[in-house]
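A short write-up of the structure that comes next.
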Amino acid sequence: MNGHADADPLASLDPRLTWRAADTGDLDAWAGLIARTAAVEQPVWFERRADLEQILESKKNPAAANTILGFDAQGVARAYGRITKNPDGDKAIGYGCVEPEWQGTGVGTGLLGWMEERTRQRFAGDGAPVPARLRFHMEQQHTHQAALFRDAGYRIVRYYNEMHRPLKDGFPEPVLADGLEIVGFGPELHEPVRLAHNEAFRDHWGSEPRDEEGWGFVVNDPLARPDLSAVVVEQATGNVAGYQLASYDEVSAASRGYKEGYTDLLGVRREFRGRGVAQALLADAMRRFAAAGMDKASLDVDSENPTGALALYRKMGYVAVNSSMAWDKEL
């Protein structure tokens, strides 16, 4: 695409480092790099070794072609990048980091160039009919990342709010419509909830359907807590009306000084909207979190969510505590 399909993505990478795709033998070095960077940058969440193991298992985004690690002369990992893309998706998503002491030396710029070139190749290979697009998500506090993206021609296309709700002040008592009930989230509901999720998020900006592999990474995420999750089903049919999938990050709790139950995904199918499903699921989540010893209920929301989620969360007592944004570039 744009004359780049046969270009060498390695050409932009800093020659002071030795570059290669990530493999199982790199897991400790890879995770160590991310942890050292996170210790300085203090992100809300960062990838751990178990997450990297999942990345290496992907068939849709094989690590041999879609990850890169840069090692110094002593064999220490100093930079990392990867992209993911659905075969029929309209964008690739980029991830990565540079060791803090190597930041500002051109390593990040070269790494970004590698991800852009690899994105062009993925789009060309998929025969995608739209311009190649690369997206990054970053927290507002990380101004050095913003400078890198801005200088490379990226623009902010969306804002998100991290929201917290203290659990010490009691819980709301929403009324779930007749004919609906809340049940636990077990393996038998993995596939029905995947299908419900794809339907519920069909009108959400930036969302793409989750296939079996992508959904497997959700339900088998190392931080996933099915015991803190729940599903609303229609009693007469057993159909999924909505769901709340939660996680708990013990490492984050230690660094942030409080325990938070985090709602990773909350969705309601169109035909069940307006029947108290989301409110009931959030209230149920609060009770589950509190019973598990959590201090706060947390979630993230698109500031322009079309379903009015931001207003709902505020009504339920959630308060915005942090902002993040999505940056895009057409390649």
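Letters A, B, ... mark the chains of the structure tokens in the order given; residue numbers begin at 1 per chain; ligand numbers begin at 1, in order shown.
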Every residue of segment 99-299 of chain A that DSSP places in helix (DSSP H, G or I), as a PyMOL selection string:
chain A and resi 100-102+107-126+143-151+187-200+212-219+226-228+250-256+270-272+277-291
Mind dumping a table of every segment 205-255 of chain A residue within 6 Å of segment 260-280 of chain A, with the nearest atom pair and its distance in Å to one decimal, using only C-alpha atoms, sorted by chain and rising number, as CSV?
```
residue,atom,partner,partner_atom,distance
A:Ala241,CA,A:Arg269,CA,5.6
A:Gly242,CA,A:Val268,CA,4.1
A:Tyr243,CA,A:Gly267,CA,5.6
A:Gln244,CA,A:Leu266,CA,4.6
A:Leu245,CA,A:Leu265,CA,5.2
A:Ala246,CA,A:Thr263,CA,4.4
A:Ser247,CA,A:Tyr262,CA,5.2
A:Tyr248,CA,A:Gly261,CA,5.4
```
For segment 138-142 of chain A: contacts at 6 Å, only C-alpha atoms, fewer than 4 positions along chain excluded, given as a short mmCIF file (atom, residue, chain, number, x, y, z; two decimals) with N, CA and C atoms, in the first residue's frame:
```
data_model
loop_
_atom_site.label_atom_id
_atom_site.label_comp_id
_atom_site.auth_asym_id
_atom_site.auth_seq_id
_atom_site.Cartn_x
_atom_site.Cartn_y
_atom_site.Cartn_z
N SER A 323 -7.65 10.29 32.80
CA SER A 323 -8.06 10.34 31.40
C SER A 323 -7.02 9.66 30.52
N SER A 324 -7.49 9.13 29.41
CA SER A 324 -6.60 8.56 28.41
C SER A 324 -7.16 8.92 27.03
N MET A 325 -6.39 8.65 26.01
CA MET A 325 -6.83 9.01 24.68
C MET A 325 -6.34 8.00 23.66
#
```
Per residue of segment 137-234 of chain A within 10 Å of segment 103-109 of chain A, which atom pair is closest and at what distance in Å (one decimal), using only C-alpha atoms, listed by chain and increasing number, as JSON lines?
```
{"residue": "A:His144", "atom": "CA", "partner": "A:Gly104", "partner_atom": "CA", "distance": 8.6}
{"residue": "A:Gln145", "atom": "CA", "partner": "A:Gly108", "partner_atom": "CA", "distance": 9.1}
{"residue": "A:Leu148", "atom": "CA", "partner": "A:Thr109", "partner_atom": "CA", "distance": 7.1}
{"residue": "A:Phe149", "atom": "CA", "partner": "A:Thr109", "partner_atom": "CA", "distance": 8.9}
{"residue": "A:Asp151", "atom": "CA", "partner": "A:Thr109", "partner_atom": "CA", "distance": 9.2}
{"residue": "A:Ala152", "atom": "CA", "partner": "A:Thr109", "partner_atom": "CA", "distance": 7.9}
```
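Of the residues under consideration (A:Asp203, A:Asp51, A:Asp8, A:Glu99), A:Glu99 shows the shortest atom-to-atom contact distance to Thr37 of chain A when counting only C-alpha atoms.
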Using only C-alpha atoms, pick whichever of A:Gly179, A:Gly308, A:Gly96, A:Pro172 has the shortest atom-to-atom distance to Glu234 of chain A.
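Among the listed residues, A:Gly179 lies closest to Glu234 of chain A.
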Which residues, written as a count of residues only, have at least one atom at most 8 Å from segment 159-167 of chain A, with only C-alpha atoms counted and residues fewer than 2 positions away on the same chain left out?
28
Distance atom CA of Arg288 of chain A-atom CA of Ala177 of chain A, one decimal place?
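Atom CA of Ala177 of chain A lies at a distance of 20.8 Å from atom CA of Arg288 of chain A.
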From a DSSP pass on the backbone, collect the residues of segment 138-218 of chain A flagged as strand (DSSP E or B) and hand them back as JSON, numbers by chain.
{"A": [138, 139, 155, 156, 157, 158, 159, 160, 161, 162, 163, 164, 165, 166, 180, 181, 182, 183, 184]}
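Shortest atom-to-atom contact with Thr84 of chain A among A:Leu331, A:Leu56, A:Ala254, A:Ala230: A:Leu56, counting only C-alpha atoms.
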In terms of the shortest atom-to-atom distance over only C-alpha atoms, which of A:Pro222, A:Gly127, A:Gly257, A:Gly89 is closest to Gly206 of chain A?
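Of all the options, A:Gly89 lies closest to Gly206 of chain A.
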Rounded to one decimal in Å, what is the spacing between atom CA of Lys315 of chain A and atom CA of Ala292 of chain A?
23.7 Å
Closest of A:Gln42, A:Ser207, A:Thr24, A:Thr143 to Asn305 of chain A - atom-to-atom distances counting only C-alpha atoms:
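The shortest atom-to-atom distance to Asn305 of chain A comes from A:Ser207.
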Point-to-point distance in Å for atom CA of Pro226 of chain A and atom CA of Ser255 of chain A
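Taking atom CA of Ser255 of chain A and atom CA of Pro226 of chain A, their separation equals 23.5 Å.
Between Thr67 of chain A and the residues A:Arg202, A:Arg158, A:Arg20, A:Arg194, the shortest atom-to-atom distance, using only C-alpha atoms, involves A:Arg20.
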